[in-house]
Amino acid sequence: MVSCKMEEQLTYDAMSESEPGGRLRTHGERRMLIMSEAHDMMYDSVENMWSLLYATGYLTQSEAPAGNLVRLTIPNTEVRSIFRDFVLKLFEKKIAQDGVTVSTFCEALKSGNAPEAETLFTALMRNTVSVRDTAVRKEFKESFYHGLLLGILGFKDGWSVDSNRESGDGYYDIAIEIEDEEIGIVIEVEYAENAQFEQECKKALRQINDNDYTAELKNDGMRTLLKYGIACYKSQCKVVVELQSS
């Protein structure tokens with residue numbers, strides 16, 4: 001569920017009701033046409049995206065508006081998938097515009113500079129999407145931050161990034177191989193309920209060590225291994241690292 005301010009400048013033409021020649025479009029066809037016509041404008045801002053998805057029925061109103069603020073909800077599983085794709089595209093566009101910060105963040109991860117990685121990841125979260133605490137289960141919150149981090153790492157050329165693969169005695173969140181430098185990175189992401197950052201970072205590192213998540217990296221010839229525990233809460237995070245040389 002999201003509360004947002006509806007942008008008055010976004011209007012959607014009623015002439016989309018029928019095609020030239022008179023065939024009446026179905027509701028789904030009208031909705032997709034509007035989405036296509038407004039595509040570029042939608043990704044200009046988060047507010048534009050909320051307004052367009054609401055106007056086309058992909059988001060529905062869950063309670064009476066408070067002035068120009070409207071509380072919206074995703075109506076079903078199919079729309080949830082569509083909504084996720086739109087959010088990811090918006091996120092990727094914003095991340096691509098901040099290439100220097102992304103590159104510096106990746107370099108901080110590679111060098112084991114946890115404080116700098118923490119500062120930069122926090123900045124990327126705050127500058128891309130508005131992260132709010134919600135009533136969803138903890139595992140869904142962790143999945144959100146997991147996906148956010150994968151989206152950032154996906155822009156780094158020359159890195160092999162994998163997610164949720166089996167290694168050792170379990171499945172790691174994220175693993176990175178930098179083959180030309182024989183550096184391997186494994187990351188475990190936790191949601192820090194009530195900002196319990198230290199506790200969740202320790203839990204993440206313990207999980208990496210107890211389950212030997214670096215096993216695959218060692219088998220692939222990575223000689224320098226960096227193990228990261230990242231705990232997130234709203235738009236804040238804590239990053240800790242352990243260095244292991246094979």
# chains A, B, ... in the order shown; residues from 1 in each chain; ligands from 1
>>> residues_around(residues="region 198-210 of chain A", least_positions_apart="3", cutoff="10 Å", atoms="only C-alpha atoms", output="VMD selection string")
chain A and resid 167 to 173 186 to 193 195 213 to 214 227 to 232 237 to 242
>>> write_last_selection(atoms="N, CA and C atoms", output="compact mmCIF listing (two decimals), in the first residue's frame")
# COMPACT_ATOMS: atom_id res chain seq x y z
N SER A 167 25.74 -22.89 -2.39
CA SER A 167 27.18 -22.90 -2.13
C SER A 167 27.39 -23.36 -0.70
N GLY A 168 28.32 -24.29 -0.50
CA GLY A 168 28.51 -24.81 0.85
C GLY A 168 27.28 -25.56 1.31
N ASP A 169 26.73 -25.14 2.44
CA ASP A 169 25.58 -25.82 3.02
C ASP A 169 24.28 -25.02 2.90
N GLY A 170 24.21 -24.12 1.95
CA GLY A 170 22.98 -23.33 1.80
C GLY A 170 22.99 -22.51 0.54
N TYR A 171 22.16 -21.47 0.52
CA TYR A 171 22.01 -20.60 -0.64
C TYR A 171 22.34 -19.16 -0.22
N TYR A 172 23.38 -18.61 -0.82
CA TYR A 172 23.75 -17.24 -0.50
C TYR A 172 22.79 -16.25 -1.14
N ASP A 173 22.80 -15.01 -0.65
CA ASP A 173 21.99 -13.96 -1.27
C ASP A 173 22.62 -13.50 -2.58
N VAL A 186 30.89 -12.28 -1.23
CA VAL A 186 29.59 -12.85 -0.92
C VAL A 186 28.87 -11.89 0.02
N ILE A 187 27.60 -11.66 -0.25
CA ILE A 187 26.81 -10.68 0.50
C ILE A 187 25.55 -11.34 1.04
N GLU A 188 25.29 -11.12 2.32
CA GLU A 188 24.04 -11.57 2.93
C GLU A 188 23.29 -10.32 3.39
N VAL A 189 22.04 -10.20 2.96
CA VAL A 189 21.22 -9.01 3.27
C VAL A 189 20.18 -9.36 4.32
N GLU A 190 20.07 -8.53 5.34
CA GLU A 190 19.09 -8.73 6.40
C GLU A 190 18.27 -7.46 6.59
N TYR A 191 17.02 -7.64 7.03
CA TYR A 191 16.19 -6.49 7.39
C TYR A 191 16.35 -6.22 8.87
N ALA A 192 16.73 -4.99 9.22
CA ALA A 192 17.02 -4.62 10.61
C ALA A 192 15.77 -4.06 11.27
N GLU A 193 14.94 -4.95 11.79
CA GLU A 193 13.71 -4.52 12.47
C GLU A 193 14.05 -3.54 13.59
N ALA A 195 15.65 -0.88 13.51
CA ALA A 195 17.01 -0.36 13.36
C ALA A 195 18.05 -1.13 14.18
N TYR A 213 29.38 -20.18 2.66
CA TYR A 213 28.91 -19.62 1.40
C TYR A 213 30.03 -19.26 0.43
N THR A 214 31.28 -19.19 0.91
CA THR A 214 32.39 -18.87 0.01
C THR A 214 32.92 -20.09 -0.73
N LYS A 227 33.54 -11.08 2.75
CA LYS A 227 32.22 -11.50 3.22
C LYS A 227 31.52 -10.30 3.84
N TYR A 228 30.36 -9.93 3.27
CA TYR A 228 29.64 -8.74 3.70
C TYR A 228 28.31 -9.10 4.36
N GLY A 229 28.06 -8.48 5.49
CA GLY A 229 26.74 -8.48 6.09
C GLY A 229 26.16 -7.09 5.95
N ILE A 230 25.00 -6.98 5.29
CA ILE A 230 24.37 -5.68 5.09
C ILE A 230 22.98 -5.72 5.70
N ALA A 231 22.75 -4.83 6.65
CA ALA A 231 21.45 -4.73 7.31
C ALA A 231 20.78 -3.43 6.90
N CYS A 232 19.50 -3.50 6.53
CA CYS A 232 18.77 -2.33 6.03
C CYS A 232 17.50 -2.09 6.83
N CYS A 237 21.24 1.93 6.25
CA CYS A 237 21.86 0.61 6.23
C CYS A 237 23.13 0.61 7.08
N LYS A 238 23.58 -0.58 7.40
CA LYS A 238 24.86 -0.82 8.06
C LYS A 238 25.58 -1.89 7.27
N VAL A 239 26.86 -1.66 6.99
CA VAL A 239 27.66 -2.62 6.20
C VAL A 239 28.87 -3.04 7.02
N VAL A 240 29.07 -4.34 7.19
CA VAL A 240 30.25 -4.86 7.85
C VAL A 240 30.91 -5.88 6.93
N VAL A 241 32.22 -6.08 7.09
CA VAL A 241 32.95 -6.96 6.19
C VAL A 241 33.97 -7.78 6.95
N GLU A 242 34.21 -9.00 6.48
CA GLU A 242 35.30 -9.85 6.95
C GLU A 242 36.14 -10.25 5.73
>>> residues_around(residues="region 175-183 of chain A", least_positions_apart="2", cutoff="12 Å", atoms="only C-alpha atoms", output="PDB file with C-alpha atoms, in the first residue's frame")
ATOM      1  CA  CYS A 106      31.391  -1.051  -6.302  1.00  0.00           C
ATOM      2  CA  GLU A 107      35.027  -0.063  -5.813  1.00  0.00           C
ATOM      3  CA  LEU A 109      32.974  -3.250  -2.000  1.00  0.00           C
ATOM      4  CA  LYS A 110      35.948  -4.607  -3.929  1.00  0.00           C
ATOM      5  CA  SER A 111      38.501  -2.960  -1.647  1.00  0.00           C
ATOM      6  CA  GLY A 112      36.749  -3.997   1.586  1.00  0.00           C
ATOM      7  CA  HIS A 146      18.202  -7.748  -2.063  1.00  0.00           C
ATOM      8  CA  LEU A 149      21.388  -4.206  -4.425  1.00  0.00           C
ATOM      9  CA  LEU A 150      21.280  -6.559  -7.408  1.00  0.00           C
ATOM     10  CA  LEU A 153      25.573  -4.302  -9.017  1.00  0.00           C
ATOM     11  CA  GLY A 154      24.164  -5.136 -12.442  1.00  0.00           C
ATOM     12  CA  LYS A 156      29.246  -2.903 -13.042  1.00  0.00           C
ATOM     13  CA  ASP A 157      31.019  -4.170 -16.156  1.00  0.00           C
ATOM     14  CA  GLY A 158      33.366  -7.110 -15.811  1.00  0.00           C
ATOM     15  CA  TRP A 159      31.748  -8.501 -12.661  1.00  0.00           C
ATOM     16  CA  SER A 160      29.982 -11.858 -12.591  1.00  0.00           C
ATOM     17  CA  VAL A 161      27.017 -11.441 -10.220  1.00  0.00           C
ATOM     18  CA  ASP A 162      24.884 -14.381  -9.073  1.00  0.00           C
ATOM     19  CA  SER A 163      21.961 -14.556  -6.675  1.00  0.00           C
ATOM     20  CA  ASN A 164      20.342 -17.293  -4.579  1.00  0.00           C
ATOM     21  CA  ARG A 165      22.673 -20.071  -5.721  1.00  0.00           C
ATOM     22  CA  GLU A 166      23.728 -23.064  -3.698  1.00  0.00           C
ATOM     23  CA  SER A 167      27.178 -22.901  -2.135  1.00  0.00           C
ATOM     24  CA  TYR A 171      22.007 -20.599  -0.638  1.00  0.00           C
ATOM     25  CA  TYR A 172      23.753 -17.237  -0.500  1.00  0.00           C
ATOM     26  CA  ASP A 173      21.989 -13.960  -1.270  1.00  0.00           C
ATOM     27  CA  ILE A 185      32.540 -11.286  -2.715  1.00  0.00           C
ATOM     28  CA  VAL A 186      29.591 -12.847  -0.917  1.00  0.00           C
ATOM     29  CA  ILE A 187      26.810 -10.681   0.498  1.00  0.00           C
ATOM     30  CA  GLU A 188      24.037 -11.566   2.925  1.00  0.00           C
ATOM     31  CA  VAL A 189      21.223  -9.012   3.267  1.00  0.00           C
ATOM     32  CA  ILE A 208      27.894 -16.848   5.692  1.00  0.00           C
ATOM     33  CA  TYR A 213      28.905 -19.618   1.397  1.00  0.00           C
ATOM     34  CA  THR A 214      32.390 -18.866   0.009  1.00  0.00           C
ATOM     35  CA  ALA A 215      32.882 -22.509  -1.080  1.00  0.00           C
ATOM     36  CA  GLU A 216      31.849 -21.876  -4.688  1.00  0.00           C
ATOM     37  CA  LEU A 217      34.082 -18.796  -4.940  1.00  0.00           C
ATOM     38  CA  LYS A 218      37.082 -20.796  -3.688  1.00  0.00           C
ATOM     39  CA  ASN A 219      36.334 -23.611  -6.131  1.00  0.00           C
ATOM     40  CA  ASP A 220      36.282 -21.043  -8.952  1.00  0.00           C
ATOM     41  CA  GLY A 221      39.794 -19.864  -8.079  1.00  0.00           C
ATOM     42  CA  MET A 222      39.003 -16.676  -6.174  1.00  0.00           C
ATOM     43  CA  ARG A 223      41.949 -16.079  -3.843  1.00  0.00           C
ATOM     44  CA  THR A 224      40.794 -12.979  -1.945  1.00  0.00           C
ATOM     45  CA  LEU A 225      37.364 -13.433  -0.358  1.00  0.00           C
ATOM     46  CA  LEU A 226      35.250 -10.640   1.098  1.00  0.00           C
ATOM     47  CA  LYS A 227      32.218 -11.504   3.225  1.00  0.00           C
ATOM     48  CA  TYR A 228      29.638  -8.738   3.704  1.00  0.00           C
ATOM     49  CA  LEU A 243      38.355 -10.591   4.812  1.00  0.00           C
ATOM     50  CA  GLN A 244      39.358 -14.167   4.100  1.00  0.00           C
ATOM     51  CA  SER A 245      42.390 -15.130   2.026  1.00  0.00           C
ATOM     52  CA  SER A 246      42.406 -18.620   0.560  1.00  0.00           C
TER      53      SER A 246
END
>>> atom_distance(atom1="CA of Asp212 (chain A)", atom2="CA of Ile174 (chain A)")
13.5 Å
>>> atom_distance(atom1="CA of Gln236 (chain A)", atom2="CA of Ala108 (chain A)")
17.5 Å
>>> select_by_dssp(residues="region 108-236 of chain A", states="strand (DSSP E)", output="PyMOL selection string")
chain A and resi 160-163+166-167+170-171+174-178+183-191+224-233+236
>>> write_last_selection(atoms="N, CA, C and O atoms", output="tab-separated table (two decimals), in the first residue's frame")
chain	number	residue	atom	x	y	z
A	160	SER	N	30.96	-10.78	-12.48
A	160	SER	CA	29.98	-11.86	-12.59
A	160	SER	C	29.17	-11.89	-11.30
A	160	SER	O	29.71	-12.17	-10.23
A	161	VAL	N	27.88	-11.57	-11.39
A	161	VAL	CA	27.02	-11.44	-10.22
A	161	VAL	C	25.95	-12.53	-10.25
A	161	VAL	O	25.21	-12.65	-11.23
A	162	ASP	N	25.89	-13.33	-9.19
A	162	ASP	CA	24.88	-14.38	-9.07
A	162	ASP	C	24.06	-14.17	-7.81
A	162	ASP	O	24.52	-13.54	-6.85
A	163	SER	N	22.86	-14.72	-7.81
A	163	SER	CA	21.96	-14.56	-6.67
A	163	SER	C	21.25	-15.86	-6.36
A	163	SER	O	20.85	-16.61	-7.27
A	166	GLU	N	23.24	-22.18	-4.75
A	166	GLU	CA	23.73	-23.06	-3.70
A	166	GLU	C	25.25	-23.00	-3.60
A	166	GLU	O	25.96	-23.03	-4.61
A	167	SER	N	25.74	-22.89	-2.39
A	167	SER	CA	27.18	-22.90	-2.13
A	167	SER	C	27.39	-23.36	-0.70
A	167	SER	O	26.72	-22.89	0.22
A	170	GLY	N	24.21	-24.12	1.95
A	170	GLY	CA	22.98	-23.33	1.80
A	170	GLY	C	22.99	-22.51	0.54
A	170	GLY	O	23.73	-22.80	-0.41
A	171	TYR	N	22.16	-21.47	0.52
A	171	TYR	CA	22.01	-20.60	-0.64
A	171	TYR	C	22.34	-19.16	-0.22
A	171	TYR	O	21.67	-18.59	0.64
A	174	ILE	N	23.86	-13.02	-2.49
A	174	ILE	CA	24.55	-12.48	-3.66
A	174	ILE	C	26.02	-12.90	-3.61
A	174	ILE	O	26.65	-12.85	-2.55
A	175	ALA	N	26.56	-13.32	-4.76
A	175	ALA	CA	27.99	-13.61	-4.87
A	175	ALA	C	28.53	-12.94	-6.12
A	175	ALA	O	27.87	-12.90	-7.16
A	176	ILE	N	29.75	-12.42	-6.01
A	176	ILE	CA	30.39	-11.70	-7.11
A	176	ILE	C	31.77	-12.30	-7.35
A	176	ILE	O	32.51	-12.54	-6.40
A	177	GLU	N	32.10	-12.52	-8.62
A	177	GLU	CA	33.45	-12.93	-8.98
A	177	GLU	C	34.07	-11.87	-9.89
A	177	GLU	O	33.48	-11.49	-10.90
A	178	ILE	N	35.25	-11.40	-9.50
A	178	ILE	CA	36.02	-10.47	-10.32
A	178	ILE	C	37.23	-11.27	-10.78
A	178	ILE	O	38.28	-11.32	-10.11
A	183	ILE	N	39.17	-11.93	-7.11
A	183	ILE	CA	38.46	-11.45	-5.92
A	183	ILE	C	37.04	-12.01	-5.93
A	183	ILE	O	36.33	-11.92	-6.94
A	184	GLY	N	36.63	-12.59	-4.81
A	184	GLY	CA	35.27	-13.08	-4.67
A	184	GLY	C	34.58	-12.35	-3.52
A	184	GLY	O	35.19	-12.09	-2.48
A	185	ILE	N	33.32	-12.01	-3.72
A	185	ILE	CA	32.54	-11.29	-2.71
A	185	ILE	C	31.23	-12.03	-2.49
A	185	ILE	O	30.54	-12.40	-3.45
A	186	VAL	N	30.89	-12.28	-1.23
A	186	VAL	CA	29.59	-12.85	-0.92
A	186	VAL	C	28.87	-11.89	0.02
A	186	VAL	O	29.48	-11.32	0.94
A	187	ILE	N	27.60	-11.66	-0.25
A	187	ILE	CA	26.81	-10.68	0.50
A	187	ILE	C	25.55	-11.34	1.04
A	187	ILE	O	24.83	-12.03	0.31
A	188	GLU	N	25.29	-11.12	2.32
A	188	GLU	CA	24.04	-11.57	2.93
A	188	GLU	C	23.29	-10.32	3.39
A	188	GLU	O	23.85	-9.47	4.09
A	189	VAL	N	22.04	-10.20	2.96
A	189	VAL	CA	21.22	-9.01	3.27
A	189	VAL	C	20.18	-9.36	4.32
A	189	VAL	O	19.48	-10.37	4.19
A	190	GLU	N	20.07	-8.53	5.34
A	190	GLU	CA	19.09	-8.73	6.40
A	190	GLU	C	18.27	-7.46	6.59
A	190	GLU	O	18.75	-6.35	6.34
A	191	TYR	N	17.02	-7.64	7.03
A	191	TYR	CA	16.19	-6.49	7.39
A	191	TYR	C	16.35	-6.22	8.87
A	191	TYR	O	16.17	-7.11	9.71
A	224	THR	N	41.15	-13.95	-2.99
A	224	THR	CA	40.79	-12.98	-1.95
A	224	THR	C	39.28	-13.00	-1.80
A	224	THR	O	38.55	-12.77	-2.77
A	225	LEU	N	38.80	-13.28	-0.60
A	225	LEU	CA	37.36	-13.43	-0.36
A	225	LEU	C	36.89	-12.38	0.64
A	225	LEU	O	37.45	-12.25	1.73
A	226	LEU	N	35.86	-11.66	0.25
A	226	LEU	CA	35.25	-10.64	1.10
A	226	LEU	C	33.84	-11.06	1.45
A	226	LEU	O	33.03	-11.36	0.56
A	227	LYS	N	33.54	-11.08	2.75
A	227	LYS	CA	32.22	-11.50	3.22
A	227	LYS	C	31.52	-10.30	3.84
A	227	LYS	O	32.02	-9.71	4.81
A	228	TYR	N	30.36	-9.93	3.27
A	228	TYR	CA	29.64	-8.74	3.70
A	228	TYR	C	28.31	-9.10	4.36
A	228	TYR	O	27.53	-9.90	3.83
A	229	GLY	N	28.06	-8.48	5.49
A	229	GLY	CA	26.74	-8.48	6.09
A	229	GLY	C	26.16	-7.09	5.95
A	229	GLY	O	26.78	-6.11	6.38
A	230	ILE	N	25.00	-6.98	5.29
A	230	ILE	CA	24.37	-5.68	5.09
A	230	ILE	C	22.98	-5.72	5.70
A	230	ILE	O	22.14	-6.55	5.34
A	231	ALA	N	22.75	-4.83	6.65
A	231	ALA	CA	21.45	-4.73	7.31
A	231	ALA	C	20.78	-3.43	6.90
A	231	ALA	O	21.42	-2.37	6.92
A	232	CYS	N	19.50	-3.50	6.53
A	232	CYS	CA	18.77	-2.33	6.03
A	232	CYS	C	17.50	-2.09	6.83
A	232	CYS	O	16.84	-3.03	7.28
A	233	TYR	N	17.19	-0.82	6.98
A	233	TYR	CA	15.94	-0.42	7.63
A	233	TYR	C	15.51	0.90	7.03
A	233	TYR	O	16.23	1.90	7.10
A	236	GLN	N	18.06	3.44	5.46
A	236	GLN	CA	19.33	3.41	6.16
A	236	GLN	C	19.92	2.00	6.07
A	236	GLN	O	19.20	1.03	5.85
>>> atom_distance(atom1="CA of Val102 (chain A)", atom2="CA of Phe197 (chain A)")
22.7 Å
>>> closest_residue(among="A:Thr77, A:Asn211, A:Thr104, A:Ser62", to="Glu116 (chain A)", atoms="only C-alpha atoms")
A:Thr104
